[in-house]
Amino acid sequence: KGINIDANGLVGIGTTSPESLLEISKDSANAIMTISTHHNTEATYSGITLQKADNTQASPALVDDDAVLGKIEFKGYDGSNYIDAAKIIAKIDGTPATNDMPTELIFYTNQGGAGVTQAMVINESGNVGIGTASPTSPASINTFLEIESSTHAGLVLHDTAANAWDMYNEGGKLYWTYNNAVTPLVLNTAGNVGIGDADPSEAKLSITGVLSGDVGIKIDQDNNNGSLYIDAESTSATVVEIDAGATTTGIGVGVTANSIAAGSAAQFSTSST
């Protein structure tokens with residue numbers, strides 16, 4: 001079929017009916033376009049430039065906010081028509097001026113339907129939004145990744161051995177789960193942490209689900225400082241409270257010292273009466 005130019009000036013390579021300024025078509029093989037550069041200067045390159053201006057070619061003018069500078073589209077034939085499968089758009093996001101062209105890069109995917117949905121954006125500041133068209137940071141972080149969803153918004157860390165850790169936000173709580181079965185760590189909006197407790201609303205640190213034979217907290221301390229220090233500034237609250245429940249066997253408080261050359265296994269003191 002070679003090169004064909006129709007009456008409207010449309011160029012077809014491998015087709016006699018081009019539908020755009022340049023269309024390349026190939027049956028029963030890959031349709032590949034190659035651009036080659038040969039030069040000893042390292043800064044020389046092969047490239048494709050997509051550019052836009054307002055007004056005319058002879059008299060270009062400043063583009064406006066929201067102007068689409070370029071688009072790369074991926075389409076598939078659905079049996080009747082070619083429909084959008086994915087696309088990437090570069091669009092002005094701000095007020096252009098001399099030597100100033102604030103632009104965002106938007107990625108769309110087809111999630112099952114006749115059209116595409118925005119999946120990710122890199123805004124003019126370099127911030128990344130997944131599930132949101134306008135990534136924002138309440139803490140005014142300069143560079144960040146925002147993931148937004150109406151239910152779970154999070155990250156999945158998955159290795160090749162089918163071990164997956166999920167970190168996600170739901171209902172104002174931040175969850176860490178393992179293989180979607182165990183919820184080992186939760187952080188709520190009050191700053192309370194739950195280990196094995198999905199609702200740590202009663203304590204800054206709540207630990208539940210300790211296995212038989214394990215301990216809730218273990219402190220392995222090899223220095224000559226205290227292993228546990230509690231700075232209680234309240235003048236009336238109980239500093240340490242132990243509720244052993246209806247225990248009929250076992251020890252409410254146990255202190256084991258294998259060898260003490262000097263000092264005490266346990267010491268309770270007060271500076272006032």
# chains A, B, ... in the order shown; residues from 1 in each chain; ligands from 1
>>> residues_around(residues="stretch 10-16 of chain A", least_positions_apart="3", cutoff="12 Å", atoms="only C-alpha atoms", output="PyMOL selection string")
chain A and resi 1-7+19-33
>>> closest_atom_pairs(of="stretch 175-269 of chain A", to="stretch 164-171 of chain A", cutoff="7 Å", atoms="only C-alpha atoms", output="tab-separated table")
residue	atom	partner	partner_atom	distance
A:Tyr175	CA	A:Tyr168	CA	5.4
A:Trp176	CA	A:Met167	CA	4.6
A:Thr177	CA	A:Asp166	CA	5.2
A:Tyr178	CA	A:Trp165	CA	4.7
A:Asn179	CA	A:Ala164	CA	5.0
>>> write_last_selection(atoms="C-alpha atoms", output="short mmCIF file (atom, residue, chain, number, x, y, z; two decimals), in the first residue's frame")
data_model
loop_
_atom_site.label_atom_id
_atom_site.label_comp_id
_atom_site.auth_asym_id
_atom_site.auth_seq_id
_atom_site.Cartn_x
_atom_site.Cartn_y
_atom_site.Cartn_z
CA TYR A 175 -4.69 0.00 59.94
CA TRP A 176 -1.78 -2.37 59.33
CA THR A 177 -2.96 -5.88 58.41
CA TYR A 178 -1.23 -9.05 57.28
CA ASN A 179 -2.75 -11.01 54.37
#
>>> closest_residue(among="A:Ala232, A:Val193, A:Leu105, A:Ala43", to="A:Ile72", atoms="only C-alpha atoms")
A:Leu105
>>> residues_around(residues="A:Tyr108", least_positions_apart="6", cutoff="8 Å", atoms="only C-alpha atoms", output="list in words")
Ala86, Lys87, Ile88, Val116, Thr117, Gln118, Ala119 and Met120 of chain A
>>> write_last_selection(atoms="N, CA, C and O atoms", output="CSV table (one decimal), in the first residue's frame")
chain,number,residue,atom,x,y,z
A,86,ALA,N,-7.1,3.6,27.6
A,86,ALA,CA,-6.3,4.4,28.5
A,86,ALA,C,-5.8,5.7,27.8
A,86,ALA,O,-5.8,5.7,26.6
A,87,LYS,N,-5.4,6.7,28.6
A,87,LYS,CA,-4.8,7.8,27.9
A,87,LYS,C,-4.0,8.6,29.0
A,87,LYS,O,-4.2,8.5,30.2
A,88,ILE,N,-3.1,9.4,28.4
A,88,ILE,CA,-2.3,10.3,29.3
A,88,ILE,C,-2.4,11.7,28.7
A,88,ILE,O,-2.3,11.9,27.5
A,116,VAL,N,-13.1,6.1,30.0
A,116,VAL,CA,-11.9,6.0,30.9
A,116,VAL,C,-12.2,6.9,32.1
A,116,VAL,O,-13.0,7.8,32.1
A,117,THR,N,-11.5,6.5,33.2
A,117,THR,CA,-11.6,7.2,34.5
A,117,THR,C,-10.3,7.7,34.9
A,117,THR,O,-9.3,6.9,34.8
A,118,GLN,N,-10.2,8.9,35.5
A,118,GLN,CA,-8.9,9.3,36.0
A,118,GLN,C,-8.4,8.4,37.1
A,118,GLN,O,-9.1,8.2,38.1
A,119,ALA,N,-7.2,7.9,36.9
A,119,ALA,CA,-6.6,7.0,37.9
A,119,ALA,C,-5.5,7.7,38.7
A,119,ALA,O,-5.3,7.4,39.9
A,120,MET,N,-4.7,8.6,38.1
A,120,MET,CA,-3.6,9.2,38.8
A,120,MET,C,-3.3,10.5,38.2
A,120,MET,O,-3.5,10.7,37.0
>>> residues_around(residues="stretch 199-208 of chain A", least_positions_apart="4", cutoff="9 Å", atoms="only C-alpha atoms", output="list in words")
Lys173, Val186, Leu187, Asn188, Ala190, Gly191, Asn192, Val193, Gly194, Ile195, Gly216 and Ile217 of chain A
>>> closest_residue(among="A:Asp93, A:Asp100, A:Asp78, A:Glu148", to="A:Asn123", atoms="only C-alpha atoms")
A:Asp93
>>> residues_around(residues="stretch 48-59 of chain A", least_positions_apart="5", cutoff="9 Å", atoms="only C-alpha atoms", output="PyMOL selection string")
chain A and resi 35+64+67-71
>>> write_last_selection(atoms="all heavy atoms", output="PDB file, in the first residue's frame")
ATOM      1  N   ILE A  35      12.493   6.288  15.438  1.00  0.00           N
ATOM      2  CA  ILE A  35      13.189   7.558  15.222  1.00  0.00           C
ATOM      3  C   ILE A  35      14.613   7.371  15.711  1.00  0.00           C
ATOM      4  O   ILE A  35      14.835   7.056  16.887  1.00  0.00           O
ATOM      5  CB  ILE A  35      12.505   8.711  15.978  1.00  0.00           C
ATOM      6  CG1 ILE A  35      11.033   8.823  15.562  1.00  0.00           C
ATOM      7  CG2 ILE A  35      13.237  10.021  15.735  1.00  0.00           C
ATOM      8  CD1 ILE A  35      10.264   9.848  16.364  1.00  0.00           C
ATOM      9  N   ASP A  64      -3.952  29.306  27.879  1.00  0.00           N
ATOM     10  CA  ASP A  64      -4.676  29.626  29.114  1.00  0.00           C
ATOM     11  C   ASP A  64      -4.639  28.445  30.084  1.00  0.00           C
ATOM     12  O   ASP A  64      -4.231  27.336  29.735  1.00  0.00           O
ATOM     13  CB  ASP A  64      -6.132  29.987  28.794  1.00  0.00           C
ATOM     14  CG  ASP A  64      -6.240  31.145  27.825  1.00  0.00           C
ATOM     15  OD1 ASP A  64      -5.509  32.128  28.013  1.00  0.00           O
ATOM     16  OD2 ASP A  64      -7.047  31.036  26.882  1.00  0.00           O
ATOM     17  N   ALA A  67      -5.645  24.467  29.470  1.00  0.00           N
ATOM     18  CA  ALA A  67      -5.375  24.095  28.081  1.00  0.00           C
ATOM     19  C   ALA A  67      -4.703  22.733  28.033  1.00  0.00           C
ATOM     20  O   ALA A  67      -3.749  22.462  28.773  1.00  0.00           O
ATOM     21  CB  ALA A  67      -4.482  25.139  27.413  1.00  0.00           C
ATOM     22  N   VAL A  68      -5.207  21.848  27.161  1.00  0.00           N
ATOM     23  CA  VAL A  68      -4.600  20.528  26.976  1.00  0.00           C
ATOM     24  C   VAL A  68      -3.452  20.674  25.984  1.00  0.00           C
ATOM     25  O   VAL A  68      -3.653  21.008  24.818  1.00  0.00           O
ATOM     26  CB  VAL A  68      -5.645  19.522  26.457  1.00  0.00           C
ATOM     27  CG1 VAL A  68      -4.983  18.178  26.168  1.00  0.00           C
ATOM     28  CG2 VAL A  68      -6.764  19.350  27.476  1.00  0.00           C
ATOM     29  N   LEU A  69      -2.236  20.410  26.450  1.00  0.00           N
ATOM     30  CA  LEU A  69      -1.048  20.575  25.607  1.00  0.00           C
ATOM     31  C   LEU A  69      -0.779  19.348  24.746  1.00  0.00           C
ATOM     32  O   LEU A  69      -0.209  19.462  23.660  1.00  0.00           O
ATOM     33  CB  LEU A  69       0.181  20.870  26.476  1.00  0.00           C
ATOM     34  CG  LEU A  69       0.104  22.117  27.356  1.00  0.00           C
ATOM     35  CD1 LEU A  69       1.413  22.300  28.102  1.00  0.00           C
ATOM     36  CD2 LEU A  69      -0.223  23.347  26.536  1.00  0.00           C
ATOM     37  N   GLY A  70      -1.163  18.190  25.229  1.00  0.00           N
ATOM     38  CA  GLY A  70      -0.908  16.972  24.471  1.00  0.00           C
ATOM     39  C   GLY A  70      -1.638  15.791  25.074  1.00  0.00           C
ATOM     40  O   GLY A  70      -2.009  15.797  26.251  1.00  0.00           O
ATOM     41  N   LYS A  71      -1.866  14.788  24.226  1.00  0.00           N
ATOM     42  CA  LYS A  71      -2.607  13.604  24.670  1.00  0.00           C
ATOM     43  C   LYS A  71      -2.067  12.370  23.950  1.00  0.00           C
ATOM     44  O   LYS A  71      -1.819  12.401  22.748  1.00  0.00           O
ATOM     45  CB  LYS A  71      -4.098  13.765  24.366  1.00  0.00           C
ATOM     46  CG  LYS A  71      -4.973  12.598  24.790  1.00  0.00           C
ATOM     47  CD  LYS A  71      -6.389  12.707  24.237  1.00  0.00           C
ATOM     48  CE  LYS A  71      -7.115  13.913  24.744  1.00  0.00           C
ATOM     49  NZ  LYS A  71      -8.537  13.928  24.297  1.00  0.00           N
TER      50      LYS A  71
END
>>> decode(residues="stretch 141-173 of chain A", atoms="N, CA, C and O atoms", output="mmCIF file, in the first residue's frame")
data_model
loop_
_atom_site.group_PDB
_atom_site.id
_atom_site.type_symbol
_atom_site.label_atom_id
_atom_site.label_comp_id
_atom_site.auth_asym_id
_atom_site.auth_seq_id
_atom_site.Cartn_x
_atom_site.Cartn_y
_atom_site.Cartn_z
ATOM 1 N N ILE A 141 2.672 19.492 53.593
ATOM 2 C CA ILE A 141 3.915 18.832 53.180
ATOM 3 C C ILE A 141 4.213 19.243 51.749
ATOM 4 O O ILE A 141 3.336 19.324 50.907
ATOM 5 N N ASN A 142 5.474 19.529 51.451
ATOM 6 C CA ASN A 142 5.842 20.062 50.141
ATOM 7 C C ASN A 142 5.664 19.046 49.027
ATOM 8 O O ASN A 142 5.096 19.332 47.979
ATOM 9 N N THR A 143 6.167 17.830 49.203
ATOM 10 C CA THR A 143 6.096 16.796 48.173
ATOM 11 C C THR A 143 5.522 15.539 48.791
ATOM 12 O O THR A 143 6.038 15.056 49.796
ATOM 13 N N PHE A 144 4.445 15.002 48.189
ATOM 14 C CA PHE A 144 3.757 13.900 48.849
ATOM 15 C C PHE A 144 2.985 13.069 47.840
ATOM 16 O O PHE A 144 2.807 13.448 46.682
ATOM 17 N N LEU A 145 2.526 11.905 48.308
ATOM 18 C CA LEU A 145 1.642 11.019 47.566
ATOM 19 C C LEU A 145 0.334 10.929 48.332
ATOM 20 O O LEU A 145 0.327 10.581 49.513
ATOM 21 N N GLU A 146 -0.781 11.264 47.660
ATOM 22 C CA GLU A 146 -2.101 11.150 48.283
ATOM 23 C C GLU A 146 -2.901 10.060 47.580
ATOM 24 O O GLU A 146 -3.006 10.047 46.353
ATOM 25 N N ILE A 147 -3.448 9.137 48.365
ATOM 26 C CA ILE A 147 -4.296 8.067 47.842
ATOM 27 C C ILE A 147 -5.672 8.237 48.458
ATOM 28 O O ILE A 147 -5.813 8.260 49.681
ATOM 29 N N GLU A 148 -6.691 8.361 47.624
ATOM 30 C CA GLU A 148 -8.038 8.648 48.116
ATOM 31 C C GLU A 148 -9.031 7.609 47.608
ATOM 32 O O GLU A 148 -8.962 7.169 46.459
ATOM 33 N N SER A 149 -9.935 7.204 48.491
ATOM 34 C CA SER A 149 -10.976 6.244 48.130
ATOM 35 C C SER A 149 -12.173 6.455 49.041
ATOM 36 O O SER A 149 -12.030 6.970 50.159
ATOM 37 N N SER A 150 -13.356 6.064 48.566
ATOM 38 C CA SER A 150 -14.555 6.195 49.395
ATOM 39 C C SER A 150 -14.594 5.149 50.504
ATOM 40 O O SER A 150 -15.359 5.292 51.461
ATOM 41 N N THR A 151 -13.814 4.091 50.411
ATOM 42 C CA THR A 151 -13.780 3.050 51.452
ATOM 43 C C THR A 151 -12.365 2.910 52.002
ATOM 44 O O THR A 151 -12.003 3.553 52.968
ATOM 45 N N HIS A 152 -11.546 2.058 51.389
ATOM 46 C CA HIS A 152 -10.177 1.858 51.832
ATOM 47 C C HIS A 152 -9.220 2.623 50.923
ATOM 48 O O HIS A 152 -9.277 2.478 49.714
ATOM 49 N N ALA A 153 -8.355 3.424 51.514
ATOM 50 C CA ALA A 153 -7.284 4.083 50.767
ATOM 51 C C ALA A 153 -5.976 3.679 51.420
ATOM 52 O O ALA A 153 -5.760 3.941 52.605
ATOM 53 N N GLY A 154 -5.114 2.989 50.681
ATOM 54 C CA GLY A 154 -3.909 2.509 51.338
ATOM 55 C C GLY A 154 -2.839 2.028 50.395
ATOM 56 O O GLY A 154 -2.887 2.241 49.182
ATOM 57 N N LEU A 155 -1.861 1.361 50.989
ATOM 58 C CA LEU A 155 -0.726 0.800 50.273
ATOM 59 C C LEU A 155 -0.645 -0.687 50.581
ATOM 60 O O LEU A 155 -0.997 -1.133 51.681
ATOM 61 N N VAL A 156 -0.161 -1.448 49.622
ATOM 62 C CA VAL A 156 0.055 -2.884 49.800
ATOM 63 C C VAL A 156 1.518 -3.188 49.517
ATOM 64 O O VAL A 156 2.039 -2.822 48.456
ATOM 65 N N LEU A 157 2.180 -3.833 50.472
ATOM 66 C CA LEU A 157 3.562 -4.278 50.308
ATOM 67 C C LEU A 157 3.530 -5.792 50.173
ATOM 68 O O LEU A 157 3.195 -6.503 51.125
ATOM 69 N N HIS A 158 3.878 -6.278 48.992
ATOM 70 C CA HIS A 158 3.679 -7.686 48.657
ATOM 71 C C HIS A 158 4.986 -8.276 48.155
ATOM 72 O O HIS A 158 5.631 -7.707 47.271
ATOM 73 N N ASP A 159 5.397 -9.412 48.717
ATOM 74 C CA ASP A 159 6.600 -10.069 48.212
ATOM 75 C C ASP A 159 6.203 -11.238 47.312
ATOM 76 O O ASP A 159 5.025 -11.543 47.126
ATOM 77 N N THR A 160 7.186 -11.905 46.730
ATOM 78 C CA THR A 160 6.908 -12.982 45.780
ATOM 79 C C THR A 160 6.456 -14.262 46.464
ATOM 80 O O THR A 160 6.039 -15.205 45.792
ATOM 81 N N ALA A 161 6.523 -14.314 47.796
ATOM 82 C CA ALA A 161 6.100 -15.508 48.531
ATOM 83 C C ALA A 161 4.666 -15.386 49.045
ATOM 84 O O ALA A 161 4.286 -16.075 49.983
ATOM 85 N N ALA A 162 3.873 -14.501 48.438
ATOM 86 C CA ALA A 162 2.454 -14.327 48.783
ATOM 87 C C ALA A 162 2.252 -13.787 50.184
ATOM 88 O O ALA A 162 1.233 -14.048 50.822
ATOM 89 N N ASN A 163 3.218 -13.037 50.698
ATOM 90 C CA ASN A 163 3.063 -12.350 51.971
ATOM 91 C C ASN A 163 2.742 -10.888 51.687
ATOM 92 O O ASN A 163 3.506 -10.207 50.999
ATOM 93 N N ALA A 164 1.617 -10.412 52.204
ATOM 94 C CA ALA A 164 1.186 -9.053 51.905
ATOM 95 C C ALA A 164 0.864 -8.295 53.187
ATOM 96 O O ALA A 164 0.133 -8.791 54.049
ATOM 97 N N TRP A 165 1.433 -7.104 53.298
ATOM 98 C CA TRP A 165 1.086 -6.184 54.367
ATOM 99 C C TRP A 165 0.288 -5.039 53.755
ATOM 100 O O TRP A 165 0.713 -4.420 52.783
ATOM 101 N N ASP A 166 -0.886 -4.762 54.330
ATOM 102 C CA ASP A 166 -1.724 -3.651 53.889
ATOM 103 C C ASP A 166 -1.677 -2.537 54.923
ATOM 104 O O ASP A 166 -1.786 -2.789 56.126
ATOM 105 N N MET A 167 -1.535 -1.327 54.451
ATOM 106 C CA MET A 167 -1.659 -0.152 55.314
ATOM 107 C C MET A 167 -2.731 0.738 54.694
ATOM 108 O O MET A 167 -2.588 1.170 53.548
ATOM 109 N N TYR A 168 -3.823 0.982 55.429
ATOM 110 C CA TYR A 168 -4.919 1.735 54.836
ATOM 111 C C TYR A 168 -5.658 2.571 55.882
ATOM 112 O O TYR A 168 -5.576 2.330 57.084
ATOM 113 N N ASN A 169 -6.363 3.577 55.365
ATOM 114 C CA ASN A 169 -7.144 4.485 56.188
ATOM 115 C C ASN A 169 -8.624 4.162 56.006
ATOM 116 O O ASN A 169 -9.112 4.091 54.887
ATOM 117 N N GLU A 170 -9.317 3.959 57.102
ATOM 118 C CA GLU A 170 -10.756 3.705 57.044
ATOM 119 C C GLU A 170 -11.411 4.274 58.289
ATOM 120 O O GLU A 170 -11.014 3.933 59.412
ATOM 121 N N GLY A 171 -12.385 5.138 58.100
ATOM 122 C CA GLY A 171 -13.126 5.677 59.232
ATOM 123 C C GLY A 171 -12.268 6.454 60.209
ATOM 124 O O GLY A 171 -12.557 6.470 61.411
ATOM 125 N N GLY A 172 -11.218 7.100 59.720
ATOM 126 C CA GLY A 172 -10.353 7.880 60.596
ATOM 127 C C GLY A 172 -9.320 7.067 61.349
ATOM 128 O O GLY A 172 -8.629 7.609 62.223
ATOM 129 N N LYS A 173 -9.202 5.778 61.047
ATOM 130 C CA LYS A 173 -8.189 4.933 61.680
ATOM 131 C C LYS A 173 -7.200 4.448 60.633
ATOM 132 O O LYS A 173 -7.572 4.200 59.482
#
